[in-house]
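entry.cif, holding mmCIF, C-alpha atoms (C1' of nucleotides) and all ligand atoms:
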```cif
data_query
#
loop_
_atom_site.label_atom_id
_atom_site.label_comp_id
_atom_site.auth_asym_id
_atom_site.auth_seq_id
_atom_site.Cartn_x
_atom_site.Cartn_y
_atom_site.Cartn_z
CA MET A 1331 141.63 190.01 -63.28
CA ILE A 1332 144.31 188.61 -61.03
CA SER A 1333 145.90 185.30 -61.94
CA GLN A 1334 145.03 182.04 -60.28
CA LYS A 1335 148.59 181.92 -59.04
CA ALA A 1336 148.13 185.24 -57.26
CA LYS A 1337 144.91 184.01 -55.71
CA TYR A 1338 146.75 180.97 -54.38
CA ALA A 1339 149.45 183.22 -52.97
CA LEU A 1340 146.93 185.36 -51.15
CA ARG A 1341 145.22 182.33 -49.69
CA ALA A 1342 148.54 180.88 -48.61
CA ILE A 1343 149.39 184.04 -46.75
CA MET A 1344 145.98 184.01 -45.09
CA ALA A 1345 146.72 180.49 -43.98
CA LEU A 1346 149.96 181.67 -42.40
CA ALA A 1347 148.40 184.72 -40.81
CA GLY A 1348 146.98 182.88 -37.84
CA THR A 1349 150.13 181.48 -36.29
CA LYS A 1350 153.79 182.11 -35.61
CA GLU A 1351 154.65 178.42 -35.99
CA PRO A 1352 155.97 177.11 -39.32
CA VAL A 1353 153.24 175.52 -41.44
CA LEU A 1354 153.95 172.70 -43.89
CA ILE A 1355 153.46 173.30 -47.58
CA GLY A 1356 151.33 170.18 -47.66
CA ASP A 1357 149.07 171.47 -44.90
CA ILE A 1358 148.53 174.79 -46.63
CA ALA A 1359 147.88 173.02 -49.90
CA GLU A 1360 145.28 170.76 -48.36
CA GLN A 1361 143.59 173.41 -46.28
CA GLU A 1362 143.37 175.95 -49.08
CA ASN A 1363 142.88 173.47 -51.90
CA ILE A 1364 145.99 174.37 -53.87
CA PRO A 1365 148.06 171.92 -55.98
CA LYS A 1366 151.04 171.21 -53.78
CA ARG A 1367 153.84 171.35 -56.33
CA PHE A 1368 152.46 174.60 -57.68
CA LEU A 1369 152.25 176.05 -54.20
CA GLU A 1370 155.92 175.25 -53.68
CA GLN A 1371 156.81 177.57 -56.54
CA ILE A 1372 154.56 180.29 -55.21
CA LEU A 1373 155.91 180.19 -51.68
CA LEU A 1374 159.41 180.22 -53.05
CA ASP A 1375 158.65 183.39 -54.97
CA LEU A 1376 157.21 184.97 -51.86
CA LYS A 1377 160.30 183.95 -49.94
CA HIS A 1378 162.65 185.45 -52.50
CA GLN A 1379 160.65 188.64 -52.21
CA GLY A 1380 161.15 188.57 -48.45
CA LEU A 1381 157.51 188.23 -47.52
CA VAL A 1382 157.78 184.83 -45.88
CA MET A 1383 160.52 182.72 -44.37
CA SER A 1384 160.97 178.98 -44.27
CA ARG A 1385 162.60 176.40 -42.10
CA ARG A 1386 163.79 173.12 -43.52
CA GLY A 1387 164.01 169.69 -42.03
CA ARG A 1388 161.87 167.74 -39.67
CA ILE A 1389 159.78 170.52 -38.14
CA GLY A 1390 160.01 172.77 -41.14
CA GLY A 1391 157.48 174.87 -42.90
CA TYR A 1392 156.68 178.43 -43.88
CA PHE A 1393 155.81 181.41 -41.73
CA LEU A 1394 155.27 185.13 -42.16
CA VAL A 1395 158.12 187.55 -41.69
CA ARG A 1396 155.85 190.47 -40.80
CA PRO A 1397 152.46 190.56 -39.09
CA PRO A 1398 149.42 190.43 -41.41
CA GLU A 1399 148.55 194.08 -40.79
CA ASP A 1400 151.87 195.05 -42.37
CA ILE A 1401 151.42 193.04 -45.57
CA THR A 1402 149.56 194.69 -48.43
CA ILE A 1403 147.81 193.15 -51.41
CA GLY A 1404 150.04 195.22 -53.63
CA GLU A 1405 153.20 193.52 -52.46
CA VAL A 1406 151.85 190.06 -53.13
CA LEU A 1407 150.39 190.94 -56.51
CA ARG A 1408 153.59 192.60 -57.63
CA THR A 1409 155.56 189.54 -56.63
CA ILE A 1410 153.34 187.04 -58.41
CA ASP A 1411 151.70 188.93 -61.28
CA GLY A 1412 154.36 191.54 -61.92
CA PRO A 1413 153.84 195.30 -62.15
CA LEU A 1414 150.32 196.39 -61.29
CA ALA A 1415 150.28 199.69 -63.15
CA PRO A 1416 148.05 199.71 -66.24
CA LEU A 1417 150.97 200.89 -68.39
CA PRO A 1418 154.69 200.15 -68.08
CA CYS A 1419 155.46 203.86 -68.25
CA LEU A 1420 153.27 204.48 -65.19
CA SER A 1421 154.83 201.90 -62.91
CA LYS A 1422 156.60 203.44 -59.96
CA MET A 1423 158.25 200.21 -58.87
CA ALA A 1424 159.15 198.82 -62.30
CA TYR A 1425 159.20 201.66 -64.80
CA ARG A 1426 159.69 200.73 -68.42
CA ALA A 1427 159.34 202.93 -71.47
CA CYS A 1428 156.44 202.09 -73.76
CA ASP A 1429 158.15 200.89 -76.91
CA ASP A 1430 155.28 202.00 -79.14
CA CYS A 1431 155.05 205.57 -77.89
CA ASP A 1432 157.40 208.17 -79.35
CA ASP A 1433 157.11 210.97 -76.84
CA GLU A 1434 156.15 209.97 -73.36
CA ALA A 1435 155.79 213.54 -72.20
CA THR A 1436 152.92 214.28 -74.55
CA CYS A 1437 151.43 210.78 -74.71
CA ARG A 1438 147.67 211.04 -74.35
CA VAL A 1439 147.27 207.45 -73.26
CA LYS A 1440 149.63 208.00 -70.38
CA ALA A 1441 147.84 211.20 -69.43
CA LEU A 1442 144.54 209.36 -69.57
CA PHE A 1443 145.69 206.72 -67.12
CA ALA A 1444 147.64 208.89 -64.72
CA ASP A 1445 144.86 209.29 -62.18
CA VAL A 1446 143.60 205.74 -62.59
CA ALA A 1447 147.05 204.33 -61.95
CA GLU A 1448 147.46 206.43 -58.85
CA ALA A 1449 144.06 205.41 -57.50
CA THR A 1450 144.60 201.69 -57.94
CA ARG A 1451 148.13 201.90 -56.60
CA ARG A 1452 146.89 203.59 -53.45
CA ALA A 1453 144.09 201.08 -53.00
CA LEU A 1454 146.36 198.08 -53.42
CA ASP A 1455 149.14 199.42 -51.22
CA GLN A 1456 146.81 200.48 -48.43
CA THR A 1457 144.77 197.33 -48.06
CA THR A 1458 146.40 194.85 -45.72
CA PHE A 1459 145.54 191.31 -44.77
CA ALA A 1460 144.40 192.46 -41.38
CA ASP A 1461 141.58 194.31 -43.13
CA ALA A 1462 140.21 191.15 -44.68
CA ILE A 1463 140.58 189.07 -41.57
CA ALA A 1464 138.95 191.67 -39.39
CA LYS A 1465 136.09 192.03 -41.83
CA LYS A 1466 135.25 188.34 -41.95
CA HIS A 1467 134.92 185.96 -39.04
CA PRO A 1468 138.15 184.01 -38.50
CA LEU A 1469 138.27 180.57 -39.99
CA VAL A 1470 137.84 177.62 -37.73
CA ARG A 1471 141.03 175.90 -36.73
CA ALA A 1472 140.23 172.20 -36.52
CA ARG A 1473 143.76 170.99 -37.14
CA ARG A 1474 146.15 169.75 -34.48
CA MET B 1193 148.66 195.94 -67.44
CA ILE B 1194 146.23 196.65 -70.21
CA SER B 1195 146.58 194.76 -73.46
CA GLN B 1196 148.13 196.20 -76.57
CA LYS B 1197 144.76 195.83 -78.24
CA ALA B 1198 143.15 198.03 -75.60
CA LYS B 1199 145.87 200.61 -76.03
CA TYR B 1200 145.17 200.68 -79.75
CA ALA B 1201 141.47 201.10 -79.05
CA LEU B 1202 142.09 204.05 -76.77
CA ARG B 1203 144.33 205.72 -79.30
CA ALA B 1204 141.80 205.14 -82.04
CA ILE B 1205 139.11 206.85 -80.00
CA MET B 1206 141.45 209.74 -79.33
CA ALA B 1207 141.96 210.05 -83.05
CA LEU B 1208 138.20 210.28 -83.54
CA ALA B 1209 137.70 212.72 -80.69
CA GLY B 1210 138.75 215.74 -82.69
CA THR B 1211 136.16 215.74 -85.43
CA LYS B 1212 132.57 214.93 -86.31
CA GLU B 1213 133.55 213.81 -89.82
CA PRO B 1214 134.08 210.12 -90.52
CA VAL B 1215 137.75 209.12 -90.41
CA LEU B 1216 139.18 206.34 -92.54
CA ILE B 1217 140.54 203.23 -90.86
CA GLY B 1218 143.68 203.66 -92.90
CA ASP B 1219 144.15 207.22 -91.68
CA ILE B 1220 143.75 206.25 -88.05
CA ALA B 1221 146.12 203.35 -88.52
CA GLU B 1222 148.78 205.53 -90.07
CA GLN B 1223 148.38 208.43 -87.67
CA GLU B 1224 148.40 206.29 -84.53
CA ASN B 1225 150.80 203.65 -85.82
CA ILE B 1226 148.44 200.68 -85.54
CA PRO B 1227 148.44 197.64 -87.86
CA LYS B 1228 145.51 198.33 -90.16
CA ARG B 1229 143.97 194.88 -90.33
CA PHE B 1230 144.17 194.59 -86.57
CA LEU B 1231 142.57 197.98 -86.14
CA GLU B 1232 139.65 196.87 -88.27
CA GLN B 1233 138.85 194.18 -85.72
CA ILE B 1234 139.15 196.59 -82.84
CA LEU B 1235 136.89 199.22 -84.35
CA LEU B 1236 134.38 196.54 -85.16
CA ASP B 1237 134.30 195.51 -81.51
CA LEU B 1238 133.82 199.09 -80.46
CA LYS B 1239 131.03 199.43 -82.98
CA HIS B 1240 129.24 196.33 -81.72
CA GLN B 1241 129.47 197.80 -78.26
CA GLY B 1242 127.83 200.98 -79.54
CA LEU B 1243 130.75 203.28 -78.85
CA VAL B 1244 131.42 204.26 -82.45
CA MET B 1245 129.52 204.22 -85.73
CA SER B 1246 130.72 203.76 -89.27
CA ARG B 1247 129.68 204.90 -92.70
CA ARG B 1248 130.48 202.84 -95.75
CA GLY B 1249 131.22 203.76 -99.29
CA ARG B 1250 133.07 206.56 -100.90
CA ILE B 1251 133.20 209.07 -98.07
CA GLY B 1252 133.02 206.50 -95.34
CA GLY B 1253 134.89 206.05 -92.11
CA TYR B 1254 134.40 205.83 -88.37
CA PHE B 1255 133.15 208.45 -85.97
CA LEU B 1256 132.18 208.70 -82.31
CA VAL B 1257 128.58 208.23 -81.26
CA ARG B 1258 128.96 210.31 -78.11
CA PRO B 1259 131.21 213.28 -77.33
CA PRO B 1260 134.59 212.44 -75.76
CA GLU B 1261 133.57 213.79 -72.37
CA ASP B 1262 130.89 211.08 -72.19
CA ILE B 1263 133.20 208.15 -72.95
CA THR B 1264 135.02 206.55 -70.05
CA ILE B 1265 138.13 204.41 -70.00
CA GLY B 1266 136.11 201.73 -68.29
CA GLU B 1267 133.77 201.26 -71.23
CA VAL B 1268 136.59 200.80 -73.67
CA LEU B 1269 138.59 198.46 -71.44
CA ARG B 1270 135.56 196.33 -70.72
CA THR B 1271 134.85 196.04 -74.43
CA ILE B 1272 138.36 195.06 -75.42
CA ASP B 1273 139.90 193.39 -72.38
CA GLY B 1274 136.79 192.03 -70.70
CA PRO B 1275 135.74 192.49 -67.07
CA LEU B 1276 137.97 194.86 -65.16
CA ALA B 1277 137.25 193.63 -61.63
CA PRO B 1278 140.16 191.80 -59.99
CA LEU B 1279 137.93 188.78 -59.31
CA PRO B 1280 135.01 187.37 -61.31
CA CYS B 1281 132.85 187.37 -58.18
CA LEU B 1282 133.40 191.12 -57.76
CA SER B 1283 132.42 192.19 -61.25
CA LYS B 1284 129.29 194.30 -61.30
CA MET B 1285 128.89 194.16 -65.07
CA ALA B 1286 129.86 190.52 -65.63
CA TYR B 1287 129.46 188.62 -62.40
CA ARG B 1288 130.69 185.04 -62.37
CA ALA B 1289 131.07 182.73 -59.42
CA CYS B 1290 134.64 181.77 -58.54
CA ASP B 1291 134.77 178.07 -59.29
CA ASP B 1292 137.48 177.42 -56.72
CA CYS B 1293 135.76 179.09 -53.78
CA ASP B 1294 133.22 177.11 -51.79
CA ASP B 1295 131.40 179.83 -49.91
CA GLU B 1296 131.44 183.21 -51.48
CA ALA B 1297 129.84 184.85 -48.47
CA THR B 1298 132.76 184.05 -46.18
CA CYS B 1299 135.54 184.11 -48.79
CA ARG B 1300 138.47 186.05 -47.38
CA VAL B 1301 139.94 186.76 -50.79
CA LYS B 1302 136.75 188.42 -51.91
CA ALA B 1303 136.59 190.42 -48.71
CA LEU B 1304 140.18 191.46 -49.21
CA PHE B 1305 139.49 192.85 -52.65
CA ALA B 1306 136.12 194.46 -52.03
CA ASP B 1307 137.44 197.97 -51.45
CA VAL B 1308 140.13 197.70 -54.10
CA ALA B 1309 137.60 196.64 -56.72
CA GLU B 1310 135.33 199.52 -55.84
CA ALA B 1311 138.16 202.03 -55.98
CA THR B 1312 139.44 200.94 -59.38
CA ARG B 1313 135.92 200.69 -60.77
CA ARG B 1314 135.20 204.26 -59.74
CA ALA B 1315 138.47 205.51 -61.19
CA LEU B 1316 137.95 203.81 -64.53
CA ASP B 1317 134.30 204.79 -64.88
CA GLN B 1318 134.88 208.41 -63.92
CA THR B 1319 137.83 209.20 -66.14
CA THR B 1320 136.70 210.34 -69.58
CA PHE B 1321 138.60 211.11 -72.72
CA ALA B 1322 137.94 214.78 -72.24
CA ASP B 1323 140.10 214.58 -69.12
CA ALA B 1324 143.10 213.34 -71.04
CA ILE B 1325 142.69 215.80 -73.87
CA ALA B 1326 142.27 218.73 -71.50
CA LYS B 1327 145.24 217.61 -69.45
CA LYS B 1328 147.46 216.99 -72.42
CA HIS B 1329 147.17 220.35 -74.13
CA PRO B 1330 148.68 222.44 -71.32
CA LEU B 1331 151.80 220.32 -71.74
CA VAL B 1332 152.62 222.04 -75.00
CA ARG B 1333 155.22 224.76 -74.86
CA ALA B 1334 152.72 227.38 -73.62
CA ARG B 1335 154.07 226.94 -70.09
CA ARG B 1336 157.56 227.87 -68.96
"C1'" DA C 96 172.73 158.40 -40.55
"C1'" DC C 97 168.11 159.06 -41.62
"C1'" DC C 98 164.32 161.25 -43.49
"C1'" DA C 99 161.05 164.88 -43.77
"C1'" DT C 100 161.03 169.03 -45.86
"C1'" DC C 101 162.24 172.81 -48.63
"C1'" DT C 102 164.78 174.33 -53.24
"C1'" DC C 103 165.81 174.66 -57.99
"C1'" DG C 104 165.30 174.25 -62.78
"C1'" DA C 105 163.34 172.07 -66.63
"C1'" DC C 106 159.38 170.80 -68.95
"C1'" DC C 107 154.50 170.67 -70.96
"C1'" DG C 108 149.68 171.21 -72.71
"C1'" DA C 109 146.08 174.66 -73.14
"C1'" DT C 110 144.80 179.24 -73.71
"C1'" DT C 111 145.38 184.03 -74.89
"C1'" DT C 112 147.58 187.56 -77.34
"C1'" DT C 113 148.80 189.82 -81.46
"C1'" DG C 114 148.34 189.95 -85.43
"C1'" DT C 115 147.39 188.34 -91.09
"C1'" DC C 116 144.67 187.10 -94.83
"C1'" DA C 117 140.92 186.08 -98.19
"C1'" DA C 118 136.54 186.68 -99.62
"C1'" DG C 119 132.82 189.00 -99.21
"C1'" DT C 120 129.05 193.26 -98.64
"C1'" DT C 121 127.65 198.07 -98.95
"C1'" DA C 122 127.41 202.82 -100.19
"C1'" DT C 123 128.89 206.75 -102.95
"C1'" DA C 124 130.54 209.44 -107.08
"C1'" DT C 125 130.32 209.77 -111.79
"C1'" DA D 586 125.17 201.07 -114.14
"C1'" DT D 587 129.69 200.82 -112.96
"C1'" DA D 588 133.83 201.47 -110.63
"C1'" DT D 589 135.65 202.12 -106.47
"C1'" DA D 590 136.58 203.04 -101.82
"C1'" DA D 591 135.45 201.40 -97.76
"C1'" DC D 592 133.57 198.36 -94.13
"C1'" DT D 593 132.53 193.13 -92.49
"C1'" DT D 594 133.21 188.51 -91.39
"C1'" DG D 595 135.55 184.39 -90.41
"C1'" DA D 596 139.54 181.56 -90.66
"C1'" DC D 597 144.29 181.02 -89.71
"C1'" DA D 598 148.83 181.16 -87.12
"C1'" DA D 599 153.16 182.43 -84.58
"C1'" DA D 600 154.50 183.76 -80.05
"C1'" DA D 601 153.77 184.57 -75.28
"C1'" DT D 602 151.53 183.50 -71.02
"C1'" DC D 603 149.12 180.56 -67.75
"C1'" DG D 604 148.45 176.74 -64.82
"C1'" DG D 605 150.58 172.94 -63.41
"C1'" DT D 606 153.95 168.77 -63.13
"C1'" DC D 607 158.29 166.46 -62.39
"C1'" DG D 608 163.01 164.87 -61.02
"C1'" DA D 609 166.86 165.59 -58.52
"C1'" DG D 610 169.22 167.94 -55.06
"C1'" DA D 611 170.15 170.65 -50.63
"C1'" DT D 612 169.30 171.20 -45.71
"C1'" DG D 613 168.25 170.69 -41.04
"C1'" DG D 614 166.19 168.11 -36.79
"C1'" DT D 615 166.47 163.82 -34.18
S1 LIG E 1 154.28 206.46 -73.09
FE1 LIG E 1 153.34 204.90 -71.95
S2 LIG E 1 151.45 204.85 -72.96
FE2 LIG E 1 152.45 206.34 -74.18
S1 LIG E 2 134.38 183.83 -54.07
FE1 LIG E 2 135.45 185.07 -55.48
S2 LIG E 2 137.41 184.95 -54.60
FE2 LIG E 2 136.37 183.62 -53.26
#
```
structure tokens encoding of this file:
Amino acid sequence: MISQKAKYALRAIMALAGTKEPVLIGDIAEQENIPKRFLEQILLDLKHQGLVMSRRGRIGGYFLVRPPEDITIGEVLRTIDGPLAPLPCLSKMAYRACDDCDDEATCRVKALFADVAEATRRALDQTTFADAIAKKHPLVRARR
Amino acid sequence: MISQKAKYALRAIMALAGTKEPVLIGDIAEQENIPKRFLEQILLDLKHQGLVMSRRGRIGGYFLVRPPEDITIGEVLRTIDGPLAPLPCLSKMAYRACDDCDDEATCRVKALFADVAEATRRALDQTTFADAIAKKHPLVRARR
DNA sequence: ACCATCTCGACCGATTTTGTCAAGTTATAT
DNA sequence: ATATAACTTGACAAAATCGGTCGAGATGGT
């Protein structure tokens, strides 16, 4: 299960996917039904990760750095929920030794999950936001 | 990331995979380095799920109901950690509506995760304990 | 200069995780 | 029958995580 925070992040990016213009945090929050102050945190995390950029001041707001077809679910989930591997010792991006396993080389749990980890990693890093948008009809843009 | 509890459960099943004889909780706990009282809970959950059986009394202990090659990671993870789908609305075994999504049919988040959920589900439900045991043994010094 | 807007860090209640413990119940050997 | 080894159940609790709020500050357009 992904966290609610991650779900908000994904929706926020969807909201940015339609335009090149900066979008206000408040507008995203209202449109996607996300608590505004919480969304601020989330967008800030995404910015620190380099997924989005922001402009301050009068005509400020957030916008995507890359086009939606170049952004994967994996990137967003890693940023918000942390490593997505089932075990720390199987994470390619954020490897950590399992502190309760003596010998990683012969660990049966690690062996058990090797293929699973690879499969989910591939799935998450290959699915982009363009996939979702193409699959569903685009949302109606009633705002001005 | 799977929970520590799930990891314990997997190791416990590995410990049972080698024999048809009942194994004591205490023996599993010592061999796999699991807090005994905690392991009791875990094995009880697995028993309620029908994955293992127990015999009481003098020569008691736990043993597998089915052979290791018929037990998948998915079953164990579902029992201990709950639904393994990334979203409640995508769980085949434990469907739940997403309370923060108005229209599930046009939900872009759900669409985004459809393929990912299917891929991970397949991986988890196809990998059995026999896979890990078979894969692990060749790691011993036989190869050079 | 003004003000809308983003930025940063601290804080907070509820829930989940990771266990512990006490008091049973049951089956087996002798 | 009795002792005993083992499983069973439910309550309890410290620590971490989750979901969210808040105040104060920094920044840029007009
Ligand atoms: S080393 Fe990571 S699970 Fe054993
Ligand atoms: S309906 Fe499940 S994520 Fe929208």
From (145.1, 199.4, -76.2), in the file's coordinates, out to 12 Å: which residues are reached, counting all atoms listed in the file? Answer as a PyMOL selection string. (chain A and resi 1416-1417+1428+1430-1431+1439-1440+1442-1443) or (chain B and resi 1193-1206+1224-1226+1230-1231+1234-1235+1265+1268-1273) or (chain C and resi 113)
What separation in Å, quoted to one decimal, exists between atom FE1 of ligand LIG 1 (chain E) and atom CA of Cys1419 of chain A?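 Computing it gives 4.4 Å between the two atoms.
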Do me a favour and pick out the residues of chain B within 7 Å of chain A, using only C-alpha atoms, as an mmCIF file with C-alpha atoms, keeping the file's coordinate frame.
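Contents of part_28.cif, as written:
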```cif
data_model
loop_
_atom_site.group_PDB
_atom_site.id
_atom_site.type_symbol
_atom_site.label_atom_id
_atom_site.label_comp_id
_atom_site.auth_asym_id
_atom_site.auth_seq_id
_atom_site.Cartn_x
_atom_site.Cartn_y
_atom_site.Cartn_z
ATOM 1 C CA MET B 1193 148.660 195.940 -67.440
ATOM 2 C CA ILE B 1194 146.230 196.650 -70.210
ATOM 3 C CA ARG B 1203 144.330 205.720 -79.300
ATOM 4 C CA LEU B 1276 137.970 194.860 -65.160
ATOM 5 C CA ALA B 1277 137.250 193.630 -61.630
ATOM 6 C CA PRO B 1278 140.160 191.800 -59.990
ATOM 7 C CA LEU B 1279 137.930 188.780 -59.310
ATOM 8 C CA THR B 1298 132.760 184.050 -46.180
ATOM 9 C CA ARG B 1300 138.470 186.050 -47.380
ATOM 10 C CA VAL B 1301 139.940 186.760 -50.790
ATOM 11 C CA ALA B 1303 136.590 190.420 -48.710
ATOM 12 C CA LEU B 1304 140.180 191.460 -49.210
ATOM 13 C CA VAL B 1308 140.130 197.700 -54.100
ATOM 14 C CA ALA B 1311 138.160 202.030 -55.980
ATOM 15 C CA THR B 1312 139.440 200.940 -59.380
ATOM 16 C CA ALA B 1315 138.470 205.510 -61.190
ATOM 17 C CA LEU B 1316 137.950 203.810 -64.530
ATOM 18 C CA PHE B 1321 138.600 211.110 -72.720
ATOM 19 C CA ASP B 1323 140.100 214.580 -69.120
ATOM 20 C CA ALA B 1324 143.100 213.340 -71.040
ATOM 21 C CA ILE B 1325 142.690 215.800 -73.870
ATOM 22 C CA LYS B 1327 145.240 217.610 -69.450
ATOM 23 C CA LYS B 1328 147.460 216.990 -72.420
ATOM 24 C CA LEU B 1331 151.800 220.320 -71.740
#
```
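Using all atoms listed in the file, one finds that the residues of chain A close to chain C, at 6 Å or less, are A:Arg1386, A:Gly1387, A:Arg1388.
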Please report as a tab-separated table every residue of chain B lying within 10 Å of chain D, along with the nearest atom pair and their distance in Å (one decimal), using only C-alpha atoms (C1' of nucleotides).
```
residue	atom	partner	partner_atom	distance
B:Leu1216	CA	D:DA591	C1'	8.1
B:Ile1217	CA	D:DA591	C1'	8.8
B:Gly1218	CA	D:DA591	C1'	9.8
B:Glu1232	CA	D:DC592	C1'	8.6
B:Gln1233	CA	D:DT593	C1'	9.3
B:Leu1236	CA	D:DT593	C1'	8.3
B:Ser1246	CA	D:DC592	C1'	7.8
B:Arg1247	CA	D:DC592	C1'	7.7
B:Arg1248	CA	D:DA591	C1'	5.6
B:Gly1249	CA	D:DA591	C1'	5.1
B:Arg1250	CA	D:DA590	C1'	5.1
B:Ile1251	CA	D:DA590	C1'	7.9
B:Gly1252	CA	D:DA591	C1'	6.1
B:Gly1253	CA	D:DA591	C1'	7.3
B:Tyr1254	CA	D:DC592	C1'	9.5
```
Return the Cα root-mean-square deviation, in Å, for chain A superposed on chain B by least squares with the Cα atoms paired in order.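 Here the RMSD amounts to 4.0 Å.
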